Each structure stands twice: as C-alpha cells, then as structure tokens.
file target_12.cif (mmCIF, C-alpha atoms and all ligand atoms)
data_query
#
loop_
_atom_site.label_atom_id
_atom_site.label_comp_id
_atom_site.auth_asym_id
_atom_site.auth_seq_id
_atom_site.Cartn_x
_atom_site.Cartn_y
_atom_site.Cartn_z
CA MET G 1 -16.89 -55.09 93.03
CA ASN G 2 -20.46 -56.28 92.85
CA ILE G 3 -22.44 -56.41 89.65
CA SER G 4 -24.22 -53.15 90.22
CA THR G 5 -20.92 -51.41 91.00
CA ASN G 6 -19.45 -53.01 87.94
CA GLN G 7 -22.43 -51.86 85.85
CA HIS G 8 -22.07 -48.43 87.39
CA PHE G 9 -18.39 -48.37 86.58
CA MET G 10 -19.09 -49.50 83.01
CA LYS G 11 -21.74 -46.79 82.75
CA LEU G 12 -19.23 -44.22 84.02
CA ASN G 13 -16.70 -45.61 81.65
CA THR G 14 -19.17 -45.29 78.77
CA ILE G 15 -19.88 -41.72 79.84
CA GLY G 16 -16.11 -41.18 80.00
CA THR G 17 -15.69 -42.59 76.51
CA HIS G 18 -18.59 -40.43 75.45
CA PHE G 19 -16.87 -37.40 76.92
CA SER G 20 -13.62 -38.30 75.30
CA ILE G 21 -15.50 -38.71 72.00
CA ILE G 22 -17.03 -35.30 72.60
CA GLU G 23 -13.56 -34.01 73.45
CA ASP G 24 -12.25 -35.66 70.26
CA LYS G 25 -15.08 -34.13 68.21
CA LYS G 26 -14.40 -30.78 69.84
CA SER G 27 -10.77 -30.90 68.90
CA THR G 28 -11.70 -32.10 65.39
CA ILE G 29 -14.12 -29.18 65.12
CA THR G 30 -11.45 -26.82 66.49
CA ILE G 31 -8.97 -28.17 63.94
CA MET G 32 -11.60 -27.80 61.23
CA TYR G 33 -12.34 -24.24 62.28
CA THR G 34 -8.66 -23.42 62.44
CA TYR G 35 -8.21 -24.97 59.00
CA MET G 36 -11.19 -23.06 57.57
CA GLU G 37 -9.92 -19.86 59.12
CA PHE G 38 -6.52 -20.53 57.60
CA VAL G 39 -8.08 -21.19 54.17
CA MET G 40 -10.18 -18.05 54.50
CA TYR G 41 -7.20 -15.88 55.43
CA ALA G 42 -5.12 -17.50 52.71
CA GLN G 43 -7.89 -16.69 50.21
CA ILE G 44 -8.10 -13.09 51.41
CA ILE G 45 -4.33 -12.73 51.13
CA TRP G 46 -4.36 -14.38 47.67
CA LEU G 47 -7.20 -12.18 46.42
CA SER G 48 -5.50 -9.05 47.75
CA PHE G 49 -2.32 -10.16 46.03
CA LEU G 50 -4.21 -10.72 42.75
CA TYR G 51 -5.88 -7.32 43.07
CA VAL G 52 -2.60 -5.55 43.69
CA LYS G 53 -0.94 -7.56 40.92
CA SER G 54 -3.68 -6.72 38.38
CA SER G 55 -3.64 -3.04 39.26
CA VAL G 56 0.15 -3.00 38.97
CA ILE G 57 -0.07 -4.79 35.61
CA ALA G 58 -2.82 -2.40 34.49
CA LYS G 59 -0.63 0.52 35.50
CA PHE G 60 2.35 -0.80 33.59
CA THR G 61 0.41 -1.91 30.49
CA GLU G 62 -1.62 1.30 30.35
CA VAL G 63 1.07 2.99 28.31
CA LYS G 64 1.40 0.11 25.89
CA VAL G 65 -2.34 -0.43 25.34
CA GLU G 66 -2.68 3.27 24.47
CA GLN G 67 -1.14 2.19 21.13
CA ALA G 68 -3.97 0.34 19.41
CA VAL G 69 -1.60 -0.83 16.67
CA GLU G 70 2.17 -0.83 16.61
CA VAL G 71 4.16 -2.11 13.66
CA ILE G 72 7.92 -2.43 14.10
CA ASN G 73 10.36 -3.01 11.22
CA LEU G 74 7.84 -5.04 9.23
CA SER G 75 9.00 -6.58 5.96
CA LYS G 76 7.10 -9.05 3.82
CA SER G 77 7.86 -10.90 0.59
CA TYR G 78 5.88 -13.28 -1.59
CA ILE G 79 7.24 -15.93 -3.91
CA LEU G 80 6.01 -15.30 -7.43
CA ASP G 81 7.22 -17.49 -10.33
CA LYS G 82 9.83 -18.96 -7.97
CA LYS G 83 11.28 -15.49 -7.40
CA GLU G 84 11.11 -13.37 -4.31
CA LEU G 85 8.73 -10.41 -4.64
CA LYS G 86 9.52 -7.86 -1.94
CA VAL G 87 6.22 -6.19 -1.04
CA LEU G 88 6.77 -4.37 2.28
CA GLU G 89 10.08 -3.02 3.52
CA ASN G 90 10.83 -1.86 7.01
CA ILE G 91 7.39 -0.48 7.87
CA ASN G 92 7.05 1.31 11.23
CA LEU G 93 3.70 2.59 12.43
CA LYS G 94 2.13 3.64 15.72
CA VAL G 95 -1.60 4.18 15.91
CA THR G 96 -2.99 5.76 19.08
CA ALA G 97 -6.30 4.27 20.25
CA GLY G 98 -9.28 6.17 18.86
CA ASN G 99 -7.36 7.77 15.96
CA PHE G 100 -8.27 7.73 12.28
CA ILE G 101 -5.23 7.01 10.07
CA SER G 102 -5.28 6.89 6.28
CA ILE G 103 -2.77 5.08 4.11
CA ILE G 104 -2.15 6.33 0.60
CA GLY G 105 0.13 4.77 -1.97
CA PRO G 106 0.39 3.59 -5.58
CA SER G 107 -1.43 0.48 -6.75
CA GLY G 108 0.48 -2.69 -5.88
CA CYS G 109 2.69 -1.06 -3.21
CA GLY G 110 1.46 -3.44 -0.51
CA LYS G 111 -1.36 -1.58 1.30
CA SER G 112 -3.76 -4.54 1.38
CA THR G 113 -0.85 -6.82 2.27
CA LEU G 114 -0.10 -4.60 5.27
CA PHE G 115 -3.74 -4.95 6.40
CA ARG G 116 -3.63 -8.72 5.97
CA VAL G 117 -0.53 -8.88 8.18
CA ILE G 118 -2.11 -6.67 10.89
CA ALA G 119 -5.28 -8.79 10.76
CA GLY G 120 -3.17 -11.90 11.45
CA LEU G 121 -3.88 -13.45 8.04
CA GLU G 122 -0.24 -13.56 6.93
CA LYS G 123 2.21 -15.57 9.01
CA ASP G 124 5.34 -15.23 6.96
CA TYR G 125 6.84 -11.82 7.72
CA THR G 126 9.73 -10.29 9.60
CA GLY G 127 9.36 -7.65 12.31
CA SER G 128 6.64 -7.34 14.91
CA VAL G 129 3.02 -6.29 15.00
CA TYR G 130 1.20 -5.47 18.24
CA VAL G 131 -2.55 -5.00 18.46
CA ASN G 132 -3.76 -3.51 21.75
CA GLY G 133 -0.42 -4.39 23.30
CA SER G 134 -0.34 -8.08 22.25
CA ASP G 135 2.07 -9.51 19.71
CA ILE G 136 -0.09 -10.97 16.91
CA ALA G 137 2.50 -13.72 16.43
CA ASN G 138 1.30 -15.20 19.76
CA THR G 139 -2.25 -13.90 20.16
CA LYS G 140 -5.04 -13.79 17.60
CA PRO G 141 -5.80 -10.09 17.13
CA TYR G 142 -9.41 -8.91 17.50
CA ILE G 143 -9.71 -6.79 14.39
CA ALA G 144 -12.70 -5.73 12.35
CA TYR G 145 -11.56 -5.98 8.74
CA MET G 146 -13.46 -4.76 5.70
CA LEU G 147 -11.89 -6.21 2.58
CA GLN G 148 -11.34 -4.27 -0.63
CA LYS G 149 -14.49 -5.93 -2.04
CA ASP G 150 -17.68 -5.66 0.03
CA LEU G 151 -18.34 -9.43 -0.17
CA LEU G 152 -21.98 -9.31 0.91
CA LEU G 153 -23.69 -12.68 0.74
CA PRO G 154 -26.30 -12.37 -2.04
CA TRP G 155 -28.65 -14.96 -0.52
CA ARG G 156 -28.90 -13.10 2.80
CA ASN G 157 -30.92 -9.94 3.31
CA VAL G 158 -29.42 -6.78 4.90
CA TRP G 159 -30.26 -7.84 8.45
CA LYS G 160 -28.77 -11.32 7.98
CA ASN G 161 -25.62 -9.93 6.34
CA VAL G 162 -25.14 -7.43 9.14
CA VAL G 163 -25.53 -9.93 11.99
CA LEU G 164 -23.18 -12.48 10.37
CA PRO G 165 -20.15 -11.68 12.61
CA LEU G 166 -22.32 -12.00 15.72
CA GLU G 167 -23.69 -15.30 14.43
CA LEU G 168 -20.18 -16.61 13.79
CA ALA G 169 -19.00 -15.49 17.23
CA GLY G 170 -22.05 -17.20 18.81
CA THR G 171 -23.18 -13.94 20.45
CA LEU G 172 -26.24 -13.18 18.32
CA LYS G 173 -28.76 -14.65 20.78
CA ASP G 174 -27.35 -12.46 23.58
CA THR G 175 -27.36 -9.30 21.48
CA ASP G 176 -30.07 -6.76 22.15
CA ASN G 177 -32.26 -6.39 19.04
CA THR G 178 -33.04 -2.76 19.86
CA PHE G 179 -29.28 -2.04 19.73
CA LEU G 180 -29.08 -3.63 16.27
CA GLU G 181 -32.16 -1.69 15.09
CA LYS G 182 -30.53 1.53 16.37
CA MET G 183 -27.29 0.78 14.52
CA LEU G 184 -29.24 0.01 11.31
CA GLU G 185 -30.94 3.40 11.67
CA GLU G 186 -27.61 5.14 12.28
CA PHE G 187 -26.18 3.53 9.15
CA GLY G 188 -29.26 4.61 7.14
CA LEU G 189 -30.44 1.07 6.52
CA LYS G 190 -33.51 0.77 8.73
CA GLU G 191 -36.07 0.62 5.92
CA PHE G 192 -33.95 -1.80 3.93
CA LYS G 193 -33.33 -4.47 6.50
CA ASN G 194 -35.27 -7.06 4.50
CA ALA G 195 -33.75 -6.09 1.14
CA TYR G 196 -31.19 -8.31 -0.61
CA PRO G 197 -27.78 -6.95 -1.77
CA ASP G 198 -28.83 -6.79 -5.44
CA GLU G 199 -31.76 -4.55 -4.44
CA LEU G 200 -29.40 -1.93 -2.94
CA SER G 201 -27.45 0.99 -4.39
CA GLY G 202 -23.63 0.94 -4.30
CA GLY G 203 -23.54 3.33 -1.31
CA MET G 204 -26.01 1.21 0.62
CA ARG G 205 -24.05 -1.96 -0.04
CA GLN G 206 -20.95 -0.24 1.36
CA ARG G 207 -22.90 0.84 4.44
CA VAL G 208 -24.10 -2.74 4.99
CA ALA G 209 -20.50 -3.96 4.70
CA LEU G 210 -19.33 -1.18 7.04
CA LEU G 211 -21.97 -1.94 9.64
CA ARG G 212 -21.08 -5.63 9.46
CA THR G 213 -17.43 -4.67 10.07
CA TRP G 214 -18.50 -2.29 12.86
CA LEU G 215 -20.19 -5.17 14.69
CA MET G 216 -17.14 -7.43 14.56
CA LYS G 217 -15.36 -8.01 17.82
CA GLY G 218 -12.45 -5.61 18.16
CA SER G 219 -11.84 -1.93 18.72
CA VAL G 220 -9.54 -1.62 15.69
CA MET G 221 -11.07 -1.37 12.22
CA LEU G 222 -9.22 -1.91 8.96
CA LEU G 223 -11.11 -0.41 6.02
CA ASP G 224 -9.60 -1.21 2.63
CA GLU G 225 -10.86 1.33 0.07
CA PRO G 226 -14.44 1.16 1.33
CA PHE G 227 -15.64 3.90 -1.05
CA GLY G 228 -13.41 3.00 -3.99
CA ALA G 229 -16.24 1.90 -6.29
CA LEU G 230 -18.62 4.81 -5.63
CA ASP G 231 -19.37 7.81 -7.82
CA ALA G 232 -18.06 11.20 -6.61
CA LEU G 233 -21.36 12.45 -5.13
CA THR G 234 -22.21 9.26 -3.24
CA ARG G 235 -18.63 9.13 -2.08
CA ASN G 236 -18.84 12.65 -0.58
CA HIS G 237 -22.08 11.75 1.08
CA MET G 238 -20.52 8.58 2.54
CA GLN G 239 -17.47 10.51 3.80
CA ASP G 240 -19.72 13.04 5.60
CA TRP G 241 -21.67 10.20 7.09
CA LEU G 242 -18.55 8.24 8.13
CA THR G 243 -16.97 11.24 9.90
CA LYS G 244 -20.19 11.71 11.88
CA VAL G 245 -20.42 8.04 12.90
CA TRP G 246 -16.69 7.88 13.69
CA GLU G 247 -16.69 11.14 15.69
CA LYS G 248 -19.52 9.68 17.76
CA HIS G 249 -17.99 6.22 18.39
CA GLN G 250 -14.24 7.02 18.08
CA LYS G 251 -13.02 3.57 17.10
CA THR G 252 -9.45 3.19 15.93
CA VAL G 253 -9.59 3.19 12.13
CA LEU G 254 -6.92 2.38 9.55
CA PHE G 255 -8.24 3.41 6.17
CA ILE G 256 -6.79 2.74 2.72
CA THR G 257 -7.67 5.13 -0.06
CA HIS G 258 -6.36 6.47 -3.37
CA ASP G 259 -8.26 9.72 -2.86
CA ILE G 260 -6.10 12.41 -1.24
CA GLU G 261 -9.03 14.73 -0.44
CA GLU G 262 -10.91 11.88 1.18
CA ALA G 263 -7.87 11.03 3.31
CA ILE G 264 -7.43 14.65 4.51
CA TYR G 265 -11.13 15.11 5.17
CA LEU G 266 -11.43 11.96 7.30
CA SER G 267 -8.11 11.53 9.07
CA ASP G 268 -6.07 12.57 12.09
CA GLU G 269 -2.93 11.36 10.31
CA ILE G 270 -1.98 10.29 6.80
CA VAL G 271 0.91 8.04 5.84
CA VAL G 272 2.17 7.88 2.29
CA MET G 273 3.75 4.73 0.87
CA SER G 274 6.34 4.43 -1.88
CA GLN G 275 6.17 2.16 -4.93
CA ARG G 276 6.69 -1.54 -4.20
CA PRO G 277 8.45 -2.61 -2.06
CA GLY G 278 6.20 -0.34 -0.02
CA LYS G 279 7.92 1.91 2.52
CA PHE G 280 6.46 4.76 4.51
CA ILE G 281 7.86 7.93 2.96
CA GLU G 282 5.76 10.57 4.67
CA SER G 283 3.59 10.98 7.71
CA LEU G 284 1.39 14.01 8.14
CA ASN G 285 -0.80 15.07 11.07
CA ILE G 286 -4.06 16.66 9.97
CA ASP G 287 -4.92 19.45 12.38
CA LEU G 288 -8.33 20.39 10.99
CA GLU G 289 -10.85 20.83 13.75
CA ARG G 290 -13.63 18.32 14.38
CA PRO G 291 -16.42 17.90 13.56
CA ARG G 292 -15.21 18.18 9.99
CA LYS G 293 -17.27 20.25 7.60
CA ARG G 294 -17.46 19.95 3.84
CA ASP G 295 -16.39 23.55 3.16
CA MET G 296 -13.06 22.88 4.90
CA VAL G 297 -11.84 21.49 1.58
CA TYR G 298 -11.60 25.09 0.28
CA THR G 299 -9.43 26.36 3.12
CA GLN G 300 -5.77 27.26 2.67
CA GLN G 301 -4.75 24.66 5.26
CA PHE G 302 -6.59 21.88 3.39
CA VAL G 303 -5.02 22.90 0.07
CA GLU G 304 -1.55 22.95 1.67
CA TYR G 305 -2.05 19.40 2.97
CA LYS G 306 -3.20 18.34 -0.49
CA LYS G 307 -0.13 19.85 -2.21
CA ARG G 308 2.23 18.21 0.28
CA ILE G 309 0.70 14.75 -0.16
CA MET G 310 0.47 15.09 -3.96
CA SER G 311 4.17 15.90 -4.12
CA LYS G 312 4.99 12.77 -2.10
CA VAL G 313 2.64 10.47 -4.03
CA GLN G 314 4.25 11.56 -7.32
CA GLU G 315 7.80 10.91 -6.11
N1 LIG B 1 -0.87 -14.03 -2.23
C1 LIG B 1 0.00 -13.40 -3.01
N2 LIG B 1 0.98 -14.09 -3.66
C2 LIG B 1 1.88 -13.44 -4.41
N3 LIG B 1 1.89 -12.11 -4.60
C3 LIG B 1 0.94 -11.39 -4.00
C4 LIG B 1 -0.06 -11.99 -3.17
N4 LIG B 1 -0.87 -11.01 -2.69
C5 LIG B 1 -0.38 -9.87 -3.20
N5 LIG B 1 0.68 -10.09 -3.97
C6 LIG B 1 1.48 -9.07 -4.67
O1 LIG B 1 1.88 -8.12 -3.68
C7 LIG B 1 1.88 -6.82 -4.24
C8 LIG B 1 1.07 -5.91 -3.33
O2 LIG B 1 -0.30 -6.27 -3.38
P1 LIG B 1 -1.39 -5.51 -2.55
O3 LIG B 1 -2.69 -6.13 -2.84
O4 LIG B 1 -0.95 -5.45 -1.15
O5 LIG B 1 -1.29 -4.05 -3.20
P2 LIG B 1 -2.15 -2.74 -2.91
O6 LIG B 1 -1.22 -1.67 -2.50
O7 LIG B 1 -3.26 -3.06 -2.00
O8 LIG B 1 -2.70 -2.42 -4.36
P3 LIG B 1 -4.13 -1.77 -4.79
O9 LIG B 1 -4.03 -0.31 -4.48
O10 LIG B 1 -4.16 -2.02 -6.27
O11 LIG B 1 -5.20 -2.47 -4.05
C9 LIG B 1 1.31 -6.96 -5.66
O12 LIG B 1 2.38 -6.90 -6.55
C10 LIG B 1 0.68 -8.32 -5.69
O13 LIG B 1 0.80 -8.90 -6.95
MG MG B 2 -5.32 -3.19 -2.18
#

call {"tool": "encode", "arguments": {"input": "target_12.cif", "output": "structure tokens"}}
result
Amino acid sequence: MNISTNQHFMKLNTIGTHFSIIEDKKSTITIMYTYMEFVMYAQIIWLSFLYVKSSVIAKFTEVKVEQAVEVINLSKSYILDKKELKVLENINLKVTAGNFISIIGPSGCGKSTLFRVIAGLEKDYTGSVYVNGSDIANTKPYIAYMLQKDLLLPWRNVWKNVVLPLELAGTLKDTDNTFLEKMLEEFGLKEFKNAYPDELSGGMRQRVALLRTWLMKGSVMLLDEPFGALDALTRNHMQDWLTKVWEKHQKTVLFITHDIEEAIYLSDEIVVMSQRPGKFIESLNIDLERPRKRDMVYTQQFVEYKKRIMSKVQE
C-alpha cells in the first residue's frame, strides 16, 4: 500500500468512524426518543389514573362532605378545684351544608364549650368531630368563629377590624377592594369604614364583628350569641338583616342564643340542651318558608314551635 492509498484508506476509515459515530448518535437519539415517548405515555397513564382516582374519591366523599359538621358521641370535662366538671355528655349532631342551626340551653350548660371543641380550640375530649368530612383531631378545621364577646380592636377603624382575618391569612393584598367595599355596603357599614369601635352603636359593632367572621376562611360559621347584648328593637332589626344576608349567601351557620323567638325566626333546625352536663334533649325542624318575614311570629305554626321549645327549656 503506497502512501496515497494509505491516506485514502485512513480517510475512508475516518469516514467510517464518522458514520459509525453518526450511527451511534442515531441510536442514542432513537433511545432518547423511545425514552421520552415512554415517559410521555407513562405521564399520560399516571395523569389519567390520578383523574380517575380523584373523581372516584370525589364520588365517594360527596356524601360525607354534604355534612358540614358531624359530632359523634362527644363528651368533655374540665378540672375545676381538682375535681372533674362534666360539661358535655354524649353530644351527637349532624349539620347539612348550607343549613342554619340554633342551639338553645341554660346558662353554663356547655354551649360555648361545644363551639370551642368544633373550632379545634379544645383538645381534651372524647368522641369525634368532623368538619367538611375531616376529623378535627387530625386536620385543623377552617371555621369562622365569632366569640360571645365581639372583641373588636379599639385602635383599629372599621375597615382595619374587618380585614384582620385576611391580613392574618396573608391574603389581603390579593383581595379585591371592590369586593370588600360591596360587603361593607351589604353589612350597612359603608359610611362608617373609617370610624373606630367606640364611635359605633351596639348593632354596628356586632355587624363589624359579623363581617369580620364572614371573611374568615371557612364555609362553616359559629356565632355565639351575636345579638345577646342588643336592645329588643335593634335585635329584631339585626335578625331581619341576618336572614337576608344568610338567605343570599347560604353559609352553614351554628348559632347560640337564649332567645327562642330569635332561634325560630332564623333557623332551619333548633337543638335544645339540658342543664350541665349538657346533652341534646330535643331537635326540631323549622318548616317556615323562606324568605322569612317578621309577621310569621304571629302565626299558629310559630307559636306551636315556641310552646314546644319552651316546654323543653323548662324541663
Ligand atoms: N376553661 C375552663 N376551665 C374550667 N371550667 C370551664 C372552662 N370553660 C368553661 N368552663 C365551665 O364549663 C361550663 C360550661 O361553660 P360554657 O361557657 O360552655 O357555658 P355556656 O352554655 O356557653 O353558658 P352561657 O350561656 O352562660 O354562655 C361552666 O360551668 C364553666 O364554668
Ligand atoms: Mg356561652
């Protein structure tokens, strides 16, 4: 082989190597494509599986989530002066999403305690409490809770009191101001948004506290005697207003009151509690049509409900 042949051969050899590199690259690319295809199909299969799984779960949990609150065999005691104080005994309650339930019972029978348990503020109890299908022992419940006292912050004006839950949840900057303005108007507070709590009437303070509760994360609202401190006229006015707002938004509401008429006027269902240790002794569905009207309180049906609850409360 002369030099030129040798060079030629080397050239051919280089070309051959080049081809084999190309062949190698081709097969690498083919492998890559096959791999990507595999990943893609795997992803499609996985996503379809997740979709089917979530719809199956949704189907199965649908029934459970329909109960906004479910309390099963709940009992709760405190230790007072080193002695056990039984406060709640074997409480069972089912609240359908979107319903308005009132709880009536003598002072000290454990109504506020029941709310504290449902809100996840009391750990030491027996039985189970589910909020929107989740056991509160494992999952923090999203509940809007208005305490027995309005607890407005005196150094904050109406606007700043109302937006407090959004501020705490870190969602204030993403909240549409026009929505907040609309809610203030709906709660009759638009002209008072810059006023401070001590510049408001009792009814207005309650509306500020209610709106603040309304804006808390959670579709279940616990209202502990929200109108307890109001005079009779303001109270009636607030009840009319609350039924309108509730009928429009249909949140699930658990409402504590000592006022039987108020409970009938507002609720879909009323439960009556016994003396401490509090037990549920009566449950009554209120079949008055909605929207509720003030003159319903004079109807025979309303009076019958009132008699029935009075007889239970006095037991
Ligand atoms: N942290 C606590 N430690 C000890 N006992 C408590 C505690 N909280 C409440 N209690 C007691 O539990 C009982 C029920 O109190 P709770 O506040 O639930 O009653 P209530 O039905 O809401 O009464 P009211 O209608 O007067 O508001 C009371 O006897 C009270 O003294
Ligand atoms: Mg109370």

call {"tool": "residues_near_ligand", "arguments": {"input": "target_12.cif", "ligand": "ligand LIG 1 (chain B)", "cutoff": "7 Å", "atoms": "only C-alpha atoms and all ligand atoms", "output": "mmCIF file with C-alpha atoms, in the frame of the given file"}}
result
data_model
loop_
_atom_site.group_PDB
_atom_site.id
_atom_site.type_symbol
_atom_site.label_atom_id
_atom_site.label_comp_id
_atom_site.auth_asym_id
_atom_site.auth_seq_id
_atom_site.Cartn_x
_atom_site.Cartn_y
_atom_site.Cartn_z
ATOM 1 C CA TYR G 78 5.880 -13.280 -1.590
ATOM 2 C CA ILE G 79 7.240 -15.930 -3.910
ATOM 3 C CA LEU G 80 6.010 -15.300 -7.430
ATOM 4 C CA VAL G 87 6.220 -6.190 -1.040
ATOM 5 C CA GLY G 105 0.130 4.770 -1.970
ATOM 6 C CA PRO G 106 0.390 3.590 -5.580
ATOM 7 C CA SER G 107 -1.430 0.480 -6.750
ATOM 8 C CA GLY G 108 0.480 -2.690 -5.880
ATOM 9 C CA CYS G 109 2.690 -1.060 -3.210
ATOM 10 C CA GLY G 110 1.460 -3.440 -0.510
ATOM 11 C CA LYS G 111 -1.360 -1.580 1.300
ATOM 12 C CA SER G 112 -3.760 -4.540 1.380
ATOM 13 C CA THR G 113 -0.850 -6.820 2.270
ATOM 14 C CA LEU G 114 -0.100 -4.600 5.270
#

call {"tool": "atom_distance", "arguments": {"input": "target_12.cif", "atom1": "CA of Ile72 (chain G)", "atom2": "CA of Ala144 (chain G)"}}
result
21.0 Å

call {"tool": "residues_near_point", "arguments": {"input": "target_12.cif", "point": "(-27.0, -0.1, -3.2)", "cutoff": "12 Å", "atoms": "all atoms listed in the file", "output": "PyMOL selection string"}}
result
chain G and resi 150+152+158+188-189+192+195-209+229-231+234

call {"tool": "atom_distance", "arguments": {"input": "target_12.cif", "atom1": "CA of Phe255 (chain G)", "atom2": "CA of Ile104 (chain G)"}}
result
8.8 Å

call {"tool": "closest_residue", "arguments": {"input": "target_12.cif", "among": "G:Lys193, G:Thr257, G:Gly133, G:Glu186", "to": "Lys160 (chain G)", "atoms": "all atoms listed in the file"}}
result
G:Lys193

call {"tool": "residues_near_point", "arguments": {"input": "target_12.cif", "point": "(-10.9, 1.7, 14.4)", "cutoff": "12 Å", "atoms": "all atoms listed in the file", "output": "short mmCIF file (atom, residue, chain, number, x, y, z; two decimals) with C-alpha atoms, in the frame of the given file"}}
result
data_model
loop_
_atom_site.label_atom_id
_atom_site.label_comp_id
_atom_site.auth_asym_id
_atom_site.auth_seq_id
_atom_site.Cartn_x
_atom_site.Cartn_y
_atom_site.Cartn_z
CA GLN G 67 -1.14 2.19 21.13
CA ALA G 68 -3.97 0.34 19.41
CA VAL G 69 -1.60 -0.83 16.67
CA VAL G 95 -1.60 4.18 15.91
CA THR G 96 -2.99 5.76 19.08
CA ALA G 97 -6.30 4.27 20.25
CA GLY G 98 -9.28 6.17 18.86
CA ASN G 99 -7.36 7.77 15.96
CA PHE G 100 -8.27 7.73 12.28
CA ILE G 101 -5.23 7.01 10.07
CA SER G 102 -5.28 6.89 6.28
CA VAL G 131 -2.55 -5.00 18.46
CA ASN G 132 -3.76 -3.51 21.75
CA TYR G 142 -9.41 -8.91 17.50
CA ILE G 143 -9.71 -6.79 14.39
CA ALA G 144 -12.70 -5.73 12.35
CA TYR G 145 -11.56 -5.98 8.74
CA MET G 146 -13.46 -4.76 5.70
CA LEU G 210 -19.33 -1.18 7.04
CA THR G 213 -17.43 -4.67 10.07
CA TRP G 214 -18.50 -2.29 12.86
CA LEU G 215 -20.19 -5.17 14.69
CA MET G 216 -17.14 -7.43 14.56
CA LYS G 217 -15.36 -8.01 17.82
CA GLY G 218 -12.45 -5.61 18.16
CA SER G 219 -11.84 -1.93 18.72
CA VAL G 220 -9.54 -1.62 15.69
CA MET G 221 -11.07 -1.37 12.22
CA LEU G 222 -9.22 -1.91 8.96
CA LEU G 223 -11.11 -0.41 6.02
CA LEU G 242 -18.55 8.24 8.13
CA VAL G 245 -20.42 8.04 12.90
CA TRP G 246 -16.69 7.88 13.69
CA GLU G 247 -16.69 11.14 15.69
CA HIS G 249 -17.99 6.22 18.39
CA GLN G 250 -14.24 7.02 18.08
CA LYS G 251 -13.02 3.57 17.10
CA THR G 252 -9.45 3.19 15.93
CA VAL G 253 -9.59 3.19 12.13
CA LEU G 254 -6.92 2.38 9.55
CA PHE G 255 -8.24 3.41 6.17
CA SER G 267 -8.11 11.53 9.07
#

call {"tool": "closest_residue", "arguments": {"input": "target_12.cif", "among": "G:His237, G:His258, G:Lys190, G:Lys123", "to": "ligand MG 2 (chain B)", "atoms": "only C-alpha atoms and all ligand atoms"}}
result
G:His258

call {"tool": "residues_around", "arguments": {"input": "target_12.cif", "residues": "Phe280 (chain G)", "least_positions_apart": "2", "cutoff": "10 Å", "atoms": "only C-alpha atoms", "output": "list in words"}}
result
Leu88, Glu89, Asn90, Ile91, Asn92, Leu93, Ile103, Ile104, Gly105, Val271, Val272, Met273, Ser274, Gln275, Gly278, Glu282 and Ser283 of chain G

call {"tool": "write_last_selection", "arguments": {"input": "target_12.cif", "atoms": "C-alpha atoms", "output": "mmCIF file, in the coordinates of the input"}}
result
data_model
loop_
_atom_site.group_PDB
_atom_site.id
_atom_site.type_symbol
_atom_site.label_atom_id
_atom_site.label_comp_id
_atom_site.auth_asym_id
_atom_site.auth_seq_id
_atom_site.Cartn_x
_atom_site.Cartn_y
_atom_site.Cartn_z
ATOM 1 C CA LEU G 88 6.770 -4.370 2.280
ATOM 2 C CA GLU G 89 10.080 -3.020 3.520
ATOM 3 C CA ASN G 90 10.830 -1.860 7.010
ATOM 4 C CA ILE G 91 7.390 -0.480 7.870
ATOM 5 C CA ASN G 92 7.050 1.310 11.230
ATOM 6 C CA LEU G 93 3.700 2.590 12.430
ATOM 7 C CA ILE G 103 -2.770 5.080 4.110
ATOM 8 C CA ILE G 104 -2.150 6.330 0.600
ATOM 9 C CA GLY G 105 0.130 4.770 -1.970
ATOM 10 C CA VAL G 271 0.910 8.040 5.840
ATOM 11 C CA VAL G 272 2.170 7.880 2.290
ATOM 12 C CA MET G 273 3.750 4.730 0.870
ATOM 13 C CA SER G 274 6.340 4.430 -1.880
ATOM 14 C CA GLN G 275 6.170 2.160 -4.930
ATOM 15 C CA GLY G 278 6.200 -0.340 -0.020
ATOM 16 C CA GLU G 282 5.760 10.570 4.670
ATOM 17 C CA SER G 283 3.590 10.980 7.710
#

call {"tool": "closest_residue", "arguments": {"input": "target_12.cif", "among": "G:Lys140, G:Arg116, G:Lys86, G:Lys173", "to": "ligand MG 2 (chain B)", "atoms": "all atoms listed in the file"}}
result
G:Arg116

call {"tool": "atom_distance", "arguments": {"input": "target_12.cif", "atom1": "CA of Gly127 (chain G)", "atom2": "CA of Ile309 (chain G)"}}
result
27.1 Å

call {"tool": "residues_around", "arguments": {"input": "target_12.cif", "residues": "Ala232 (chain G)", "least_positions_apart": "4", "cutoff": "12 Å", "atoms": "all atoms listed in the file", "output": "ChimeraX atom specification"}}
result
/G:202-203,227-228,236-239,259,261-262

call {"tool": "closest_residue", "arguments": {"input": "target_12.cif", "among": "G:Glu66, G:Pro277, G:Phe302, G:Arg212", "to": "Tyr265 (chain G)", "atoms": "all atoms listed in the file"}}
result
G:Phe302

call {"tool": "closest_residue", "arguments": {"input": "target_12.cif", "among": "G:Val71, G:Leu266, G:Met296, G:Leu211", "to": "Leu164 (chain G)", "atoms": "only C-alpha atoms"}}
result
G:Leu211

call {"tool": "closest_residue", "arguments": {"input": "target_12.cif", "among": "G:Ala137, G:Val297, G:Ile264, G:Ile256", "to": "ligand MG 2 (chain B)", "atoms": "all atoms listed in the file"}}
result
G:Ile256
